[in-house]
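Next comes target.txt, a file with compact mmCIF, C-alpha atoms.
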# COMPACT_ATOMS: atom_id res chain seq x y z
CA MET A 1 31.52 -14.36 98.52
CA SER A 2 32.65 -11.21 96.73
CA ARG A 3 35.81 -9.36 97.72
CA LEU A 4 34.22 -6.03 96.77
CA VAL A 5 34.11 -3.28 99.39
CA SER A 6 32.14 -0.04 99.63
CA MET A 7 33.80 3.32 98.93
CA THR A 8 33.27 4.66 102.46
CA GLU A 9 36.43 3.49 104.20
CA MET A 10 38.75 4.05 101.22
CA LEU A 11 37.48 7.62 100.71
CA ASN A 12 37.62 8.55 104.39
CA LYS A 13 41.22 7.28 104.49
CA ALA A 14 41.97 9.35 101.39
CA LEU A 15 40.42 12.47 102.96
CA GLU A 16 42.62 12.02 106.01
CA GLY A 17 45.71 11.21 103.92
CA LYS A 18 45.22 14.03 101.38
CA TYR A 19 45.08 11.85 98.25
CA ALA A 20 42.33 10.71 95.88
CA VAL A 21 41.08 7.33 94.72
CA GLY A 22 40.38 7.09 90.99
CA GLN A 23 37.08 5.91 89.59
CA PHE A 24 37.82 4.39 86.21
CA ASN A 25 34.76 3.51 84.14
CA ILE A 26 34.66 0.04 82.63
CA ASN A 27 33.01 -1.00 79.36
CA ASN A 28 33.89 -4.67 78.87
CA LEU A 29 35.99 -7.58 80.15
CA GLU A 30 39.34 -6.21 78.95
CA TRP A 31 38.63 -2.78 80.44
CA SER A 32 37.92 -4.41 83.82
CA GLN A 33 41.06 -6.53 83.63
CA ALA A 34 43.17 -3.50 82.72
CA VAL A 35 41.98 -1.32 85.62
CA LEU A 36 42.31 -4.16 88.15
CA GLN A 37 45.81 -5.04 86.88
CA ALA A 38 46.89 -1.41 87.21
CA ALA A 39 45.49 -1.15 90.75
CA GLN A 40 47.24 -4.34 91.86
CA GLU A 41 50.56 -3.27 90.33
CA GLU A 42 50.31 0.19 91.92
CA ASN A 43 49.06 -1.28 95.23
CA SER A 44 46.23 1.26 95.04
CA PRO A 45 42.57 1.18 96.06
CA VAL A 46 40.31 1.61 93.04
CA ILE A 47 36.69 2.26 92.10
CA LEU A 48 35.26 0.62 88.99
CA GLY A 49 32.58 2.94 87.61
CA VAL A 50 29.72 1.58 85.53
CA SER A 51 27.21 3.86 83.82
CA GLU A 52 23.68 2.60 83.23
CA GLY A 53 24.46 2.51 79.51
CA ALA A 54 27.63 0.46 80.03
CA ALA A 55 25.81 -1.97 82.33
CA LYS A 56 23.11 -2.47 79.69
CA TYR A 57 25.78 -2.94 76.99
CA MET A 58 27.50 -5.65 79.05
CA GLY A 59 24.28 -7.55 79.69
CA GLY A 60 22.99 -5.97 82.88
CA SER A 61 24.14 -5.26 86.43
CA LEU A 62 24.22 -8.95 87.40
CA VAL A 63 26.60 -9.78 84.55
CA VAL A 64 28.90 -6.89 85.47
CA ALA A 65 28.97 -7.70 89.19
CA SER A 66 29.51 -11.41 88.52
CA MET A 67 32.33 -10.71 86.06
CA VAL A 68 34.13 -8.28 88.38
CA SER A 69 33.74 -10.54 91.42
CA ALA A 70 35.14 -13.47 89.43
CA LEU A 71 38.09 -11.38 88.21
CA LEU A 72 38.96 -10.41 91.79
CA GLU A 73 39.31 -14.14 92.50
CA THR A 74 41.05 -15.29 89.33
CA MET A 75 43.44 -12.31 89.19
CA ASP A 76 44.01 -12.61 92.97
CA ILE A 77 43.35 -8.91 93.53
CA THR A 78 44.27 -7.95 97.09
CA VAL A 79 43.75 -4.16 96.94
CA PRO A 80 40.38 -2.61 97.97
CA VAL A 81 37.98 -2.52 95.00
CA ALA A 82 34.55 -0.88 94.90
CA LEU A 83 32.06 -1.51 92.09
CA HIS A 84 30.07 1.70 91.66
CA LEU A 85 26.97 2.59 89.64
CA ASP A 86 27.81 5.91 87.98
CA HIS A 87 24.93 8.42 87.65
CA GLY A 88 22.11 6.14 88.77
CA SER A 89 18.94 7.78 87.48
CA ASN A 90 16.44 6.55 90.09
CA PHE A 91 15.92 4.39 93.18
CA ASP A 92 15.03 1.26 91.20
CA LYS A 93 18.26 1.40 89.14
CA CYS A 94 20.32 1.80 92.32
CA LYS A 95 18.46 -1.04 94.07
CA GLU A 96 18.95 -3.28 91.03
CA ALA A 97 22.71 -2.62 91.07
CA ILE A 98 23.03 -3.22 94.82
CA ASP A 99 20.94 -6.42 94.64
CA ALA A 100 23.17 -7.61 91.78
CA GLY A 101 26.29 -7.16 93.92
CA PHE A 102 27.48 -3.57 93.37
CA SER A 103 29.12 -2.23 96.53
CA SER A 104 28.40 1.44 95.82
CA VAL A 105 26.00 3.65 93.88
CA MET A 106 25.69 7.26 92.80
CA ILE A 107 22.18 8.66 92.73
CA ASP A 108 21.88 11.71 90.52
CA TYR A 109 18.80 13.78 91.34
CA SER A 110 20.74 17.01 90.81
CA HIS A 111 18.22 18.29 88.22
CA TYR A 112 15.48 18.38 90.90
CA THR A 113 15.09 21.05 93.59
CA ILE A 114 17.40 20.60 96.57
CA ASP A 115 14.47 19.52 98.79
CA GLU A 116 13.43 16.85 96.28
CA ASN A 117 17.06 15.83 95.73
CA ILE A 118 17.59 15.29 99.47
CA GLU A 119 14.28 13.46 100.08
CA MET A 120 14.74 11.03 97.18
CA THR A 121 18.44 10.51 97.98
CA LYS A 122 17.49 9.53 101.54
CA GLN A 123 15.56 6.52 100.19
CA VAL A 124 18.61 5.30 98.29
CA VAL A 125 20.91 5.84 101.30
CA GLU A 126 18.57 3.91 103.60
CA TYR A 127 18.48 0.91 101.26
CA ALA A 128 22.17 1.01 100.34
CA HIS A 129 23.38 1.28 103.93
CA SER A 130 21.13 -1.63 104.95
CA LYS A 131 23.07 -3.73 102.40
CA GLY A 132 26.53 -2.36 103.28
CA ALA A 133 26.82 -0.24 100.11
CA SER A 134 27.97 3.38 99.91
CA VAL A 135 26.15 6.30 98.28
CA GLU A 136 27.36 9.33 96.33
CA ALA A 137 24.97 12.19 95.48
CA GLU A 138 25.29 15.29 93.33
CA VAL A 139 24.47 18.92 94.10
CA GLY A 140 24.62 21.47 91.26
CA THR A 141 25.13 20.27 87.69
CA VAL A 142 28.32 18.89 86.15
CA GLY A 143 28.32 20.02 82.51
CA GLY A 144 29.22 18.26 79.28
CA THR A 145 28.04 15.03 77.69
CA GLU A 146 28.39 11.50 79.05
CA ASP A 147 26.63 8.41 77.74
CA GLY A 148 24.27 10.57 75.67
CA VAL A 149 23.30 12.78 78.62
CA THR A 150 24.11 16.47 78.16
CA GLY A 151 23.96 19.26 80.73
CA GLY A 152 25.25 22.76 81.41
CA ILE A 153 27.36 23.65 84.45
CA GLN A 154 25.48 24.87 87.52
CA TYR A 155 27.68 25.53 90.54
CA ALA A 156 26.79 23.81 93.80
CA ASN A 157 25.47 25.95 96.65
CA PRO A 158 27.59 25.35 99.82
CA GLN A 159 24.60 25.43 102.18
CA GLU A 160 22.69 22.97 99.98
CA CYS A 161 25.76 20.70 100.05
CA LEU A 162 25.78 20.83 103.86
CA ARG A 163 22.08 19.96 103.97
CA MET A 164 22.60 17.01 101.62
CA VAL A 165 25.39 15.60 103.81
CA GLN A 166 23.59 16.14 107.13
CA GLU A 167 20.06 15.19 106.11
CA ALA A 168 20.62 12.39 103.58
CA LYS A 169 23.76 10.99 105.31
CA ILE A 170 25.56 10.32 102.05
CA ASP A 171 29.11 8.91 101.98
CA ALA A 172 30.51 11.11 99.18
CA LEU A 173 29.44 14.38 97.60
CA ALA A 174 29.75 15.34 93.94
CA ALA A 175 29.56 19.13 94.18
CA ALA A 176 29.50 20.68 90.71
CA LEU A 177 32.35 23.20 90.58
CA GLY A 178 33.19 23.75 86.93
CA SER A 179 34.26 20.33 85.67
CA VAL A 180 32.55 18.72 82.66
CA HIS A 181 32.04 15.23 81.27
CA GLY A 182 33.82 14.53 78.00
CA PRO A 183 36.69 16.51 76.41
CA TYR A 184 37.43 20.09 77.51
CA SER A 185 37.65 23.08 75.18
CA GLY A 186 40.67 24.92 76.55
CA GLU A 187 41.82 24.67 80.16
CA PRO A 188 39.02 23.95 82.65
CA LYS A 189 38.25 26.56 85.28
CA LEU A 190 37.39 24.98 88.61
CA GLY A 191 35.80 26.98 91.43
CA PHE A 192 38.47 26.55 94.10
CA ASP A 193 37.05 29.12 96.54
CA GLU A 194 33.68 27.38 96.54
CA MET A 195 35.45 24.02 96.71
CA LYS A 196 37.33 24.94 99.89
CA GLU A 197 34.19 26.37 101.47
CA ILE A 198 32.17 23.21 100.73
CA SER A 199 34.96 20.94 101.98
CA ASP A 200 35.38 22.90 105.22
CA LEU A 201 31.61 22.98 105.78
CA THR A 202 30.76 19.35 105.02
CA LYS A 203 33.99 17.56 106.07
CA THR A 204 32.89 14.87 103.62
CA PRO A 205 34.82 13.21 100.75
CA LEU A 206 34.24 15.27 97.61
CA VAL A 207 34.00 13.77 94.13
CA LEU A 208 35.41 15.37 90.97
CA HIS A 209 33.44 14.31 87.90
CA GLY A 210 34.98 14.89 84.49
CA GLY A 211 38.53 14.27 85.73
CA SER A 212 39.89 13.55 82.24
CA GLY A 213 41.99 16.39 80.85
CA ILE A 214 42.24 18.52 84.01
CA PRO A 215 45.87 19.74 84.39
CA GLN A 216 47.91 18.17 87.19
CA HIS A 217 48.26 21.42 89.16
CA GLN A 218 44.46 21.76 89.30
CA ILE A 219 44.06 18.09 90.27
CA GLU A 220 46.52 18.57 93.13
CA LYS A 221 44.68 21.69 94.33
CA ALA A 222 41.33 19.88 94.13
CA ILE A 223 42.76 17.08 96.31
CA GLU A 224 44.15 19.65 98.75
CA TYR A 225 40.62 21.09 98.97
CA GLY A 226 38.92 17.83 99.91
CA HIS A 227 38.47 15.83 96.70
CA CYS A 228 39.05 12.14 97.48
CA LYS A 229 37.48 10.57 94.38
CA ILE A 230 38.30 11.58 90.82
CA ASN A 231 36.35 10.11 87.90
CA VAL A 232 38.21 9.20 84.72
CA ASN A 233 36.46 7.87 81.63
CA THR A 234 37.16 9.93 78.49
CA GLU A 235 40.97 9.54 78.75
CA CYS A 236 40.67 5.74 78.95
CA GLN A 237 38.43 5.73 75.88
CA GLN A 238 40.84 7.99 74.00
CA VAL A 239 44.02 5.95 74.66
CA TRP A 240 42.20 2.66 73.98
CA THR A 241 40.89 3.92 70.63
CA GLU A 242 44.24 5.39 69.61
CA ALA A 243 46.07 2.12 70.33
CA VAL A 244 43.51 -0.02 68.50
CA ARG A 245 43.44 2.32 65.49
CA ASP A 246 47.22 2.21 65.34
CA LYS A 247 47.19 -1.60 65.45
CA LEU A 248 44.66 -1.80 62.61
CA ALA A 249 46.56 0.76 60.54
CA THR A 250 49.95 -0.92 60.92
CA ASP A 251 48.94 -4.59 60.79
CA SER A 252 46.30 -5.02 58.08
CA LYS A 253 46.63 -8.83 58.05
CA GLU A 254 45.68 -9.32 61.71
CA TYR A 255 42.12 -10.51 62.28
CA ASP A 256 42.27 -12.07 65.76
CA PRO A 257 40.14 -9.68 67.88
CA ARG A 258 42.23 -10.43 70.97
CA LYS A 259 45.38 -9.23 69.24
CA ILE A 260 43.61 -6.20 67.78
CA ILE A 261 42.26 -4.91 71.09
CA GLY A 262 45.23 -6.10 73.17
CA PRO A 263 47.18 -2.84 72.65
CA GLY A 264 44.10 -0.92 73.82
CA LYS A 265 44.07 -2.86 77.06
CA ALA A 266 47.80 -2.21 77.59
CA ALA A 267 47.22 1.52 76.97
CA ILE A 268 44.55 1.62 79.69
CA VAL A 269 46.86 -0.14 82.19
CA LYS A 270 49.54 2.47 81.52
CA LEU A 271 47.13 5.43 81.80
CA VAL A 272 45.45 4.18 84.98
CA LYS A 273 48.81 3.61 86.69
CA ASP A 274 49.88 7.11 85.72
CA ARG A 275 46.64 8.62 87.08
CA MET A 276 47.01 6.70 90.34
CA GLN A 277 50.46 8.18 90.81
CA VAL A 278 49.14 11.70 90.12
CA PHE A 279 46.18 11.19 92.49
CA GLY A 280 48.55 9.95 95.22
CA SER A 281 46.76 6.62 95.76
CA SER A 282 49.72 4.42 94.76
CA GLN A 283 50.97 2.28 97.66
CA LYS A 284 47.90 3.28 99.73
CA ALA A 285 46.01 -0.03 99.53
In structure tokens, write the structure found in this file.
Amino acid sequence: MSRLVSMTEMLNKALEGKYAVGQFNINNLEWSQAVLQAAQEENSPVILGVSEGAAKYMGGSLVVASMVSALLETMDITVPVALHLDHGSNFDKCKEAIDAGFSSVMIDYSHYTIDENIEMTKQVVEYAHSKGASVEAEVGTVGGTEDGVTGGIQYANPQECLRMVQEAKIDALAAALGSVHGPYSGEPKLGFDEMKEISDLTKTPLVLHGGSGIPQHQIEKAIEYGHCKINVNTECQQVWTEAVRDKLATDSKEYDPRKIIGPGKAAIVKLVKDRMQVFGSSQKA
């Protein structure tokens, strides 16, 4: 019996409490251990994000769900943890993840018309809710590149956001408001006026994609304006790579892979704890 929970309760609590829960994408065993360790030490709820590419790399959704469920037991994790499919591309991928044991999915039909987006999202919501899983959907287009998928920014329309929430009955809304996947060139410019309008209209937990590299003052404002879930991936990859490169450069005789990637894992623990403190989720488990 898995200890995983859906995102719904943790995000609604965050909306009420004016903080955000971090989604930290995982890529392997050590990544998963690092994020869970950080969450337990910070006494923070956490969302483990898994892209379709990462799931395939790790051996499929069943392997990922089994690994994470086992870690919750062996690490004795007591904080709320959701396992979330990030940018699910269609119904079948979402169903596969839920059937494998994921407690949450994102369905991304944002490149379709709003009518098509809503109708196809409804199917995912119906199935997910019947299995106790939560659903995030996207309106507008978050720019940048993630897992080989590139897109330009297209701001979300507030009325379309309201329709998505009311008609599809989603649990969380990723409204594109100027953030991008991957590294930023210069300081990001988020649409705070639109953000406030969408939050006031929908009264639904908002999701900030491309949370890596956004300055703290903008993060705090985004949380104030209804963002309860902030996705972090690039920063974890950057600190992991920097630590591993440093280890290889300064210890040329080491060949044990565990000792080579160990500093990378420690760097992720440190970063995730720091992000949890900035997001305000520490001590909120």
Taking all atoms listed in the file into account, produce a table as a Markdown table in which each residue of range 18-37 of chain A with an atom at most 8 Å from an atom of range 56-68 of chain A appears once, together with its shortest atom pair and the distance in Å to one decimal, ordered by chain and rising number.
| residue | atom | partner | partner_atom | distance |
| --- | --- | --- | --- | --- |
| A:Asn27 | CA | A:Met58 | CA | 7.2 |
| A:Asn28 | CA | A:Met58 | CA | 6.5 |
| A:Leu29 | CA | A:Met67 | CA | 7.6 |
| A:Ser32 | CA | A:Val68 | CA | 7.1 |
Listed atoms of range 42-45 of chain A boxed axis-aligned with 3 Å per side, centre + edges as AutoDock Vina command-line options:
--center_x 46.4 --center_y 0.0 --center_z 94.0 --size_x 13.7 --size_y 8.5 --size_z 10.1
What are the closest atom pairs, with distances in Å to one decimal, for each residue of range 238-276 of chain A lying within 12 Å of range 216-230 of chain A, using all atoms listed in the file, rows by chain and rising residue number, as CSV?
residue,atom,partner,partner_atom,distance
A:Val272,CA,A:Ile230,CA,11.8
A:Asp274,CA,A:Gln216,CA,11.3
A:Arg275,CA,A:Ile230,CA,9.6
A:Met276,CA,A:Ile230,CA,10.0
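Between CA of Val139 in chain A and CA of Ser110 in chain A the interatomic distance comes to 5.3 Å.
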Q | Straight-line distance linking CA of Leu85 in chain A with CA of Val50 in chain A, stated in Å to one decimal | A |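 Computing the Euclidean distance for CA of Leu85 in chain A and CA of Val50 in chain A yields 5.0 Å.
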Q.
Report as a VMD selection string all protein, DNA and RNA residues lying within 12 Å of range 130-133 of chain A, evaluated on all atoms listed in the file, omitting residues in the same chain fewer than 4 positions from it.
A. chain A and resid 4 to 9 82 to 85 94 to 95 97 to 106 123 to 126 170 to 172
Q) Skipping near chain neighbours, those fewer than 5 positions away, what residues fall within 8 Å of range 12-14 of chain A using all atoms listed in the file, listed as a VMD selection string? A) chain A and resid 19 to 21 204 to 205 228 281
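CA of Ser134 in chain A lies 27.0 Å from CA of Gly213 in chain A.
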